[in-house]
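Peer 1: Take a look at this one; I'll ask things after.
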Amino acid sequence: AHFAAMLQQLQSTNKSYEAPPPPKISINEKGDLVDLDGKKIQLNETVATLKANINKPIKPKQIKLTTKAPDIRNNPYYDGSIAAPKGRKAHKTFKFIEEGSIAGKAERIRNILKARALVKDRQVAEREAFANAKTVANPNLTPLGEAPVVPAVELVPMENPNSDLVEPPEMEWWDMRLLPKTAEKKEYCTVANDLSNLNKTLISCLIEHPVTTQGPNVPTAAGPLPLMLTKTEKKKIRTQGRIAREKDKQEQIRLGLVEPPKAKVKINNLMRVLGTEATQDPTAMEKFVRDEMEARRSAHDGRNQARKLSKEERNEKRDKKMTREAEEDPIVSVFKLGDLPPGLKRIKVDKNANQLKLSGAVLMAEENVLVIVEGGAKPTRKYTHLMLERILWNEDPVTTETNEPDAPRNWCKLVWQGGVQTRQFSGFRVQQFVNAAKARQYMEDRGCLHYWDMCLKLKAGEEMVGMGF
């Protein structure tokens, strides 16, 4: 019953509602849609766009005000002595000058000035020539049938660009040896008088190409620095190279380019290599294997003997090594002695220094005896051992003018020992001076005066000072 009541109510509602009639629309002369009153009807235009842009809010347009700012000078609080703040200036950037731009600009200015000077000189010369002319060529005053008289104009000659060049000589210096020399002055004769006496033995069909040398101003190109490797890295590189050579050799054997090596037969692999041949005659096979082993051993010894250096080559190699070490890191040793009389000890001091390639000198002046040696580390150690240990200095007394029987015993002390940058002596020699002033001057000339001063401070009973190496 309730449902029937609701249905009856809906039907009554539909009967009471009537849809409004559609509006009457017409088109005017301009083609626009108008209603009955003649008003223009605006239709909503539909534009296809993305869904994301449909919901995008439309920002209101900002209206720029074109009104002028008020004049603050009418303000009672305005102070004209205070300037209005200005905007910050932009920072200046670096403007680098290109190489050769200033020189090129100066050259262009010089060329322009030269051209202007030449034009000015030529104009002045033309004006002077026309002013000094006797007749002036006026075409209106020239009779018919005659050519007008044109005054001669003397033009200023232009400057010769090759005026600074020197005239070539009669003969170049590299051809002067073809001329004979005079017997009196031993000088080359002139070309005009001795063309017939040329030294034709130096002339041949060959072309002489002189060796090109690099100029002193040309910088040398620095090559790449050598790669510093450790011992482990060097060993690894040698191993890799040996493996690569062995693989290359095996590949050549596989291709038939190299004959394969013979089997290395020994006593312990006799049966495995020879097989049935060893069982047929064991005694003969053993003799054959032992002969092969002896041949390999003798070949090995022969190769070692061929690579072995001779006595002269070993001495030369040792001398080069000692000289190189002495030049790279020289070490100086300064000794002071009580006395160095002629005899076996002086010979040992001199001979060992020369054999070890040491440079220096033995200075003997009055009561001062100095021994200075320069060289490498190993020769210096040997010479120091000779001076302080091997030679027994206390066996002999110190020689004096009166030859006293109770004279003190001879002695030797190491005053100083250390490394220096360069050597100051070229060889080893024994120098004997009249007095100490001469010896001091000798050391001062070689820049070693401090060695002499250190030795003078050391006495017989004092211990050595300085540093080792």
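Letters A, B, ... go to the chains of the structure tokens in the order shown; residues in each chain start at 1; ligands are counted from 1 in the same order.
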Out of segment 202-336 of chain A, which residues get alpha helix (DSSP H) from DSSP, as an MDAnalysis selection string?
Peer 2: chainID A and resid 231:255 270:274 276:280 282:307 311:328
Peer 1: Taking 4 positions as the minimum chain separation for residues in the same chain, which residues sit within 12 Å of Lys348 of chain A when counting only C-alpha atoms? Answer as a list in words.
Peer 2: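 Skipping anything fewer than 4 positions along the chain leaves Leu340, Pro341, Pro342, Gly343, Leu344, Asn352, Ala353, Asn354, Gln355, Leu356, Tyr383, Leu386, Met387, Arg390, Ile391 and Leu392 of chain A.
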Peer 1: Let me see the file: selected residues, all heavy atoms, as a compact mmCIF listing (two decimals), in the first residue's frame.
Peer 2:
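The resulting result.txt:
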# COMPACT_ATOMS: atom_id res chain seq x y z
N LEU A 340 155.39 11.64 8.75
CA LEU A 340 155.34 10.74 7.60
C LEU A 340 156.68 10.79 6.89
O LEU A 340 156.85 11.43 5.85
CB LEU A 340 154.20 11.14 6.65
CG LEU A 340 153.92 10.16 5.49
CD1 LEU A 340 153.52 8.79 6.04
CD2 LEU A 340 152.84 10.71 4.59
N PRO A 341 157.69 10.10 7.46
CA PRO A 341 159.01 10.14 6.84
C PRO A 341 159.05 9.30 5.57
O PRO A 341 158.19 8.45 5.33
CB PRO A 341 159.91 9.54 7.92
CG PRO A 341 159.01 8.64 8.69
CD PRO A 341 157.66 9.27 8.66
N PRO A 342 160.03 9.53 4.70
CA PRO A 342 160.15 8.68 3.50
C PRO A 342 160.39 7.23 3.90
O PRO A 342 161.15 6.93 4.82
CB PRO A 342 161.34 9.29 2.76
CG PRO A 342 161.50 10.65 3.31
CD PRO A 342 161.03 10.59 4.73
N GLY A 343 159.74 6.33 3.21
CA GLY A 343 159.89 4.92 3.52
C GLY A 343 158.67 4.14 3.12
O GLY A 343 157.85 4.55 2.29
N LEU A 344 158.51 2.98 3.76
CA LEU A 344 157.44 2.05 3.40
C LEU A 344 156.06 2.62 3.71
O LEU A 344 155.12 2.46 2.92
CB LEU A 344 157.65 0.72 4.13
CG LEU A 344 156.62 -0.38 3.82
CD1 LEU A 344 156.66 -0.74 2.35
CD2 LEU A 344 156.91 -1.60 4.68
N ASN A 352 148.14 3.01 -2.16
CA ASN A 352 146.76 2.56 -1.94
C ASN A 352 145.75 3.61 -2.40
O ASN A 352 144.67 3.27 -2.90
CB ASN A 352 146.53 2.24 -0.46
CG ASN A 352 147.09 0.89 -0.08
OD1 ASN A 352 146.42 -0.13 -0.19
ND2 ASN A 352 148.35 0.87 0.34
N ALA A 353 146.07 4.90 -2.23
CA ALA A 353 145.15 5.94 -2.69
C ALA A 353 145.00 5.91 -4.22
O ALA A 353 143.90 6.07 -4.75
CB ALA A 353 145.64 7.31 -2.23
N ASN A 354 146.10 5.68 -4.92
CA ASN A 354 146.02 5.62 -6.38
C ASN A 354 145.32 4.35 -6.85
O ASN A 354 144.57 4.37 -7.83
CB ASN A 354 147.43 5.69 -6.99
CG ASN A 354 148.05 7.07 -6.82
OD1 ASN A 354 147.36 8.08 -6.97
ND2 ASN A 354 149.33 7.13 -6.48
N GLN A 355 145.54 3.22 -6.16
CA GLN A 355 144.89 1.97 -6.56
C GLN A 355 143.39 2.00 -6.32
O GLN A 355 142.61 1.42 -7.09
CB GLN A 355 145.52 0.80 -5.81
CG GLN A 355 146.93 0.47 -6.26
CD GLN A 355 147.53 -0.65 -5.45
OE1 GLN A 355 146.96 -1.09 -4.45
NE2 GLN A 355 148.71 -1.12 -5.86
N LEU A 356 142.95 2.67 -5.27
CA LEU A 356 141.52 2.78 -4.96
C LEU A 356 140.85 3.94 -5.67
O LEU A 356 139.69 4.23 -5.39
CB LEU A 356 141.33 2.92 -3.45
CG LEU A 356 141.76 1.72 -2.59
CD1 LEU A 356 141.65 2.06 -1.11
CD2 LEU A 356 140.93 0.50 -2.92
N TYR A 383 140.44 2.49 2.73
CA TYR A 383 141.56 3.38 3.04
C TYR A 383 141.55 3.78 4.52
O TYR A 383 142.62 3.92 5.13
CB TYR A 383 141.47 4.62 2.15
CG TYR A 383 142.77 5.39 2.09
CD1 TYR A 383 143.80 4.98 1.25
CD2 TYR A 383 142.97 6.51 2.89
CE1 TYR A 383 144.99 5.69 1.19
CE2 TYR A 383 144.16 7.22 2.82
CZ TYR A 383 145.16 6.80 1.98
OH TYR A 383 146.36 7.49 1.93
N LEU A 386 143.07 1.02 6.36
CA LEU A 386 144.52 1.03 6.17
C LEU A 386 145.19 2.03 7.11
O LEU A 386 146.20 1.72 7.77
CB LEU A 386 144.84 1.37 4.72
CG LEU A 386 146.30 1.68 4.40
CD1 LEU A 386 147.14 0.41 4.40
CD2 LEU A 386 146.44 2.39 3.06
N MET A 387 144.63 3.24 7.19
CA MET A 387 145.28 4.29 7.97
C MET A 387 145.16 4.06 9.47
O MET A 387 146.09 4.40 10.23
CB MET A 387 144.65 5.65 7.61
CG MET A 387 144.87 6.07 6.17
SD MET A 387 146.58 6.44 5.77
CE MET A 387 146.82 7.93 6.70
N ARG A 390 145.71 -1.11 9.76
CA ARG A 390 146.76 -1.93 9.14
C ARG A 390 148.15 -1.36 9.36
O ARG A 390 149.08 -2.08 9.69
CB ARG A 390 146.49 -2.06 7.64
CG ARG A 390 145.29 -2.95 7.31
CD ARG A 390 145.01 -2.92 5.82
NE ARG A 390 146.19 -3.27 5.04
CZ ARG A 390 146.29 -3.12 3.72
NH1 ARG A 390 145.27 -2.60 3.05
NH2 ARG A 390 147.39 -3.47 3.08
N ILE A 391 148.31 -0.06 9.17
CA ILE A 391 149.62 0.55 9.37
C ILE A 391 149.83 0.80 10.87
O ILE A 391 149.02 1.47 11.52
CB ILE A 391 149.75 1.86 8.58
CG1 ILE A 391 149.57 1.60 7.08
CG2 ILE A 391 151.09 2.52 8.84
CD1 ILE A 391 149.65 2.86 6.21
N LEU A 392 150.92 0.27 11.41
CA LEU A 392 151.27 0.44 12.83
C LEU A 392 152.12 1.68 12.96
O LEU A 392 153.35 1.64 12.79
CB LEU A 392 151.99 -0.81 13.35
CG LEU A 392 151.20 -2.13 13.19
CD1 LEU A 392 152.05 -3.30 13.68
CD2 LEU A 392 149.88 -2.06 13.93
Peer 1: Could you give me, as JSON lines, a per-residue list for segment 380-414 of chain A showing, wherever an atom lies at most 10 Å from an atom of segment 439-462 of chain A, the closest pair of atoms and their distance in Å to one decimal, using only C-alpha atoms and sorting by chain then residue number from low to high?
Peer 2:
{"residue": "A:Pro408", "atom": "CA", "partner": "A:Ala460", "partner_atom": "CA", "distance": 9.7}
{"residue": "A:Arg409", "atom": "CA", "partner": "A:Ala460", "partner_atom": "CA", "distance": 9.9}
{"residue": "A:Asn410", "atom": "CA", "partner": "A:Ala460", "partner_atom": "CA", "distance": 9.1}
{"residue": "A:Trp411", "atom": "CA", "partner": "A:Ala460", "partner_atom": "CA", "distance": 7.2}
{"residue": "A:Cys412", "atom": "CA", "partner": "A:Ala460", "partner_atom": "CA", "distance": 8.3}
{"residue": "A:Lys413", "atom": "CA", "partner": "A:Ala460", "partner_atom": "CA", "distance": 8.0}
{"residue": "A:Leu414", "atom": "CA", "partner": "A:Cys455", "partner_atom": "CA", "distance": 9.5}
Peer 1: Would you compute the distance between atom CA of Lys92 of chain A and atom CA of Lys105 of chain A? Give it in Å to one decimal.
Peer 2: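 Between atom CA of Lys92 of chain A and atom CA of Lys105 of chain A the gap works out to 24.4 Å.
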Peer 1: Could you give me the residues within segment 259-438 of chain A that DSSP places in strand (DSSP E), as JSON, numbers by chain?
Peer 2: {"A": [331, 332, 333, 334, 335, 336, 337, 359, 360, 361, 362, 363, 364, 365, 368, 369, 370, 371, 372, 373, 374, 375, 412, 413, 414, 415, 416, 417, 418, 419, 428, 429, 430, 431, 432, 433]}
Peer 1: For those residues, write C-alpha atoms to a file as a PDB file, in the first residue's frame.
Peer 2:
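Generated file (again_8.pdb):
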ATOM      1  CA  ILE A 331     133.085  11.117   0.710  1.00  0.00           C
ATOM      2  CA  VAL A 332     135.953  13.082   2.223  1.00  0.00           C
ATOM      3  CA  SER A 333     138.252  11.751   4.945  1.00  0.00           C
ATOM      4  CA  VAL A 334     140.762  14.006   6.712  1.00  0.00           C
ATOM      5  CA  PHE A 335     143.620  12.394   8.702  1.00  0.00           C
ATOM      6  CA  LYS A 336     146.302  14.031  10.819  1.00  0.00           C
ATOM      7  CA  LEU A 337     149.641  12.291  11.433  1.00  0.00           C
ATOM      8  CA  SER A 359     141.775  11.907  -5.058  1.00  0.00           C
ATOM      9  CA  GLY A 360     143.385  14.167  -2.520  1.00  0.00           C
ATOM     10  CA  ALA A 361     146.799  15.130  -1.217  1.00  0.00           C
ATOM     11  CA  VAL A 362     149.364  14.676   1.543  1.00  0.00           C
ATOM     12  CA  LEU A 363     150.326  18.077   2.991  1.00  0.00           C
ATOM     13  CA  MET A 364     153.565  18.350   4.983  1.00  0.00           C
ATOM     14  CA  ALA A 365     154.404  21.765   6.411  1.00  0.00           C
ATOM     15  CA  ASN A 368     151.740  19.524  10.506  1.00  0.00           C
ATOM     16  CA  VAL A 369     151.093  16.432   8.379  1.00  0.00           C
ATOM     17  CA  LEU A 370     147.636  16.055   6.768  1.00  0.00           C
ATOM     18  CA  VAL A 371     146.174  13.346   4.533  1.00  0.00           C
ATOM     19  CA  ILE A 372     142.985  14.249   2.616  1.00  0.00           C
ATOM     20  CA  VAL A 373     141.255  11.668   0.404  1.00  0.00           C
ATOM     21  CA  GLU A 374     138.027  11.834  -1.668  1.00  0.00           C
ATOM     22  CA  GLY A 375     136.214   8.873  -3.202  1.00  0.00           C
ATOM     23  CA  CYS A 412     147.326   8.914  13.219  1.00  0.00           C
ATOM     24  CA  LYS A 413     143.870  10.348  13.924  1.00  0.00           C
ATOM     25  CA  LEU A 414     140.719  10.690  11.808  1.00  0.00           C
ATOM     26  CA  VAL A 415     139.778  14.370  12.069  1.00  0.00           C
ATOM     27  CA  TRP A 416     136.600  14.406   9.959  1.00  0.00           C
ATOM     28  CA  GLN A 417     134.725  12.197   7.535  1.00  0.00           C
ATOM     29  CA  GLY A 418     131.529  12.994   5.619  1.00  0.00           C
ATOM     30  CA  GLY A 419     129.872  13.472   2.252  1.00  0.00           C
ATOM     31  CA  PHE A 428     146.481  12.123  -5.345  1.00  0.00           C
ATOM     32  CA  ARG A 429     149.949  13.527  -4.760  1.00  0.00           C
ATOM     33  CA  VAL A 430     152.373  14.284  -1.909  1.00  0.00           C
ATOM     34  CA  GLN A 431     152.946  18.014  -1.344  1.00  0.00           C
ATOM     35  CA  GLN A 432     155.734  19.359   0.876  1.00  0.00           C
ATOM     36  CA  PHE A 433     155.726  23.073   1.784  1.00  0.00           C
TER      37      PHE A 433
END
Peer 1: Which is closer to Glu367 of chain A than all the others in A:Ala436, A:Gly275, A:Val420, A:Lys351, using only C-alpha atoms?
Peer 2: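 Checking each of A:Ala436, A:Gly275, A:Val420, A:Lys351 against Glu367 of chain A, counting only C-alpha atoms, the winner is A:Ala436.
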Peer 1: My list of candidates is A:Ser26, A:Gln240, A:Gln424, A:Ser81. Which is closest to Leu358 of chain A when distances are computed with only C-alpha atoms?
Peer 2: A:Gln424
Peer 1: List the neighbours of Thr323 of chain A out to 10 Å using only C-alpha atoms; skip same-chain residues closer than 3 positions along the sequence, and give me the result as JSON, numbers by chain.
Peer 2: {"A": [317, 318, 319, 320, 326, 327, 328, 330, 356, 357, 358, 375, 376]}
Peer 1: What would the file look like if the residues just selected were written as a short mmCIF file (atom, residue, chain, number, x, y, z; two decimals), in the first residue's frame with N, CA and C atoms?
Peer 2:
data_model
loop_
_atom_site.label_atom_id
_atom_site.label_comp_id
_atom_site.auth_asym_id
_atom_site.auth_seq_id
_atom_site.Cartn_x
_atom_site.Cartn_y
_atom_site.Cartn_z
N LYS A 317 136.52 -2.53 -15.49
CA LYS A 317 135.16 -2.44 -14.96
C LYS A 317 135.17 -1.94 -13.52
N ARG A 318 136.12 -2.46 -12.71
CA ARG A 318 136.21 -2.03 -11.31
C ARG A 318 136.58 -0.55 -11.23
N ASP A 319 137.53 -0.11 -12.07
CA ASP A 319 137.93 1.30 -12.05
C ASP A 319 136.78 2.22 -12.45
N LYS A 320 136.02 1.81 -13.47
CA LYS A 320 134.88 2.63 -13.88
C LYS A 320 133.84 2.74 -12.78
N ALA A 326 132.55 7.68 -7.02
CA ALA A 326 133.22 8.85 -6.46
C ALA A 326 132.64 10.14 -7.02
N GLU A 327 132.18 10.13 -8.26
CA GLU A 327 131.60 11.33 -8.84
C GLU A 327 130.17 11.56 -8.35
N GLU A 328 129.43 10.49 -8.12
CA GLU A 328 128.03 10.66 -7.71
C GLU A 328 127.92 11.06 -6.24
N PRO A 330 130.65 11.64 -3.48
CA PRO A 330 132.00 11.63 -2.91
C PRO A 330 131.98 11.77 -1.39
N LEU A 356 142.95 2.67 -5.27
CA LEU A 356 141.52 2.78 -4.96
C LEU A 356 140.85 3.94 -5.67
N LYS A 357 141.55 4.62 -6.58
CA LYS A 357 141.01 5.73 -7.37
C LYS A 357 140.51 6.85 -6.46
N LEU A 358 141.29 7.16 -5.44
CA LEU A 358 140.95 8.25 -4.54
C LEU A 358 141.73 9.49 -4.94
N GLY A 375 136.56 10.03 -2.38
CA GLY A 375 136.21 8.87 -3.20
C GLY A 375 134.88 8.29 -2.81
N GLY A 376 134.61 7.08 -3.34
CA GLY A 376 133.36 6.40 -3.03
C GLY A 376 133.34 5.80 -1.64
#
Peer 1: With only C-alpha atoms counted and 12 Å as the cut-off, give the residues of segment 300-419 of chain A in contact with segment 277-296 of chain A, each with its shortest interatomic distance in Å and the pair that gives it, as CSV.
Peer 2:
residue,atom,partner,partner_atom,distance
A:His300,CA,A:Arg296,CA,6.2
A:Asp301,CA,A:Arg296,CA,8.7
A:Gly302,CA,A:Arg296,CA,9.8
A:Arg303,CA,A:Arg296,CA,10.7
Peer 1: Store the residues picked out above in a file with N, CA and C atoms, as an mmCIF file, in the first residue's frame.
Peer 2:
data_model
loop_
_atom_site.group_PDB
_atom_site.id
_atom_site.type_symbol
_atom_site.label_atom_id
_atom_site.label_comp_id
_atom_site.auth_asym_id
_atom_site.auth_seq_id
_atom_site.Cartn_x
_atom_site.Cartn_y
_atom_site.Cartn_z
ATOM 1 N N HIS A 300 128.136 -26.183 -21.215
ATOM 2 C CA HIS A 300 127.778 -25.172 -20.208
ATOM 3 C C HIS A 300 129.018 -24.461 -19.685
ATOM 4 N N ASP A 301 130.073 -25.216 -19.367
ATOM 5 C CA ASP A 301 131.309 -24.599 -18.892
ATOM 6 C C ASP A 301 131.944 -23.733 -19.966
ATOM 7 N N GLY A 302 131.845 -24.155 -21.222
ATOM 8 C CA GLY A 302 132.420 -23.356 -22.306
ATOM 9 C C GLY A 302 131.707 -22.015 -22.469
ATOM 10 N N ARG A 303 130.368 -22.026 -22.358
ATOM 11 C CA ARG A 303 129.636 -20.761 -22.447
ATOM 12 C C ARG A 303 129.976 -19.822 -21.289
#
Peer 1: Expressed in Å to a single decimal, how great is the separation between atom CA of Lys382 of chain A and atom CA of Met322 of chain A?
Peer 2: 12.4 Å
Peer 1: Skip Leu202 of chain A itself and residues of its chain fewer than 4 positions away, then list as a list in words all residues within 10 Å of it, counting only C-alpha atoms.
Peer 2: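 These residues fall inside the cut-off: Arg177, Leu178 and Leu198 of chain A.
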Peer 1: Grab the residues selected above and save them as a compact mmCIF listing (two decimals), in the first residue's frame with N, CA, C and O atoms.
Peer 2:
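The resulting selection_38.txt:
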# COMPACT_ATOMS: atom_id res chain seq x y z
N ARG A 177 139.67 27.22 -47.85
CA ARG A 177 140.73 26.21 -47.80
C ARG A 177 141.13 25.73 -49.19
O ARG A 177 142.13 25.03 -49.34
N LEU A 178 140.35 26.07 -50.23
CA LEU A 178 140.73 25.71 -51.59
C LEU A 178 141.87 26.57 -52.13
O LEU A 178 142.50 26.21 -53.12
N LEU A 198 144.10 26.95 -57.51
CA LEU A 198 143.20 26.31 -56.55
C LEU A 198 143.69 24.91 -56.19
O LEU A 198 144.31 24.22 -57.02
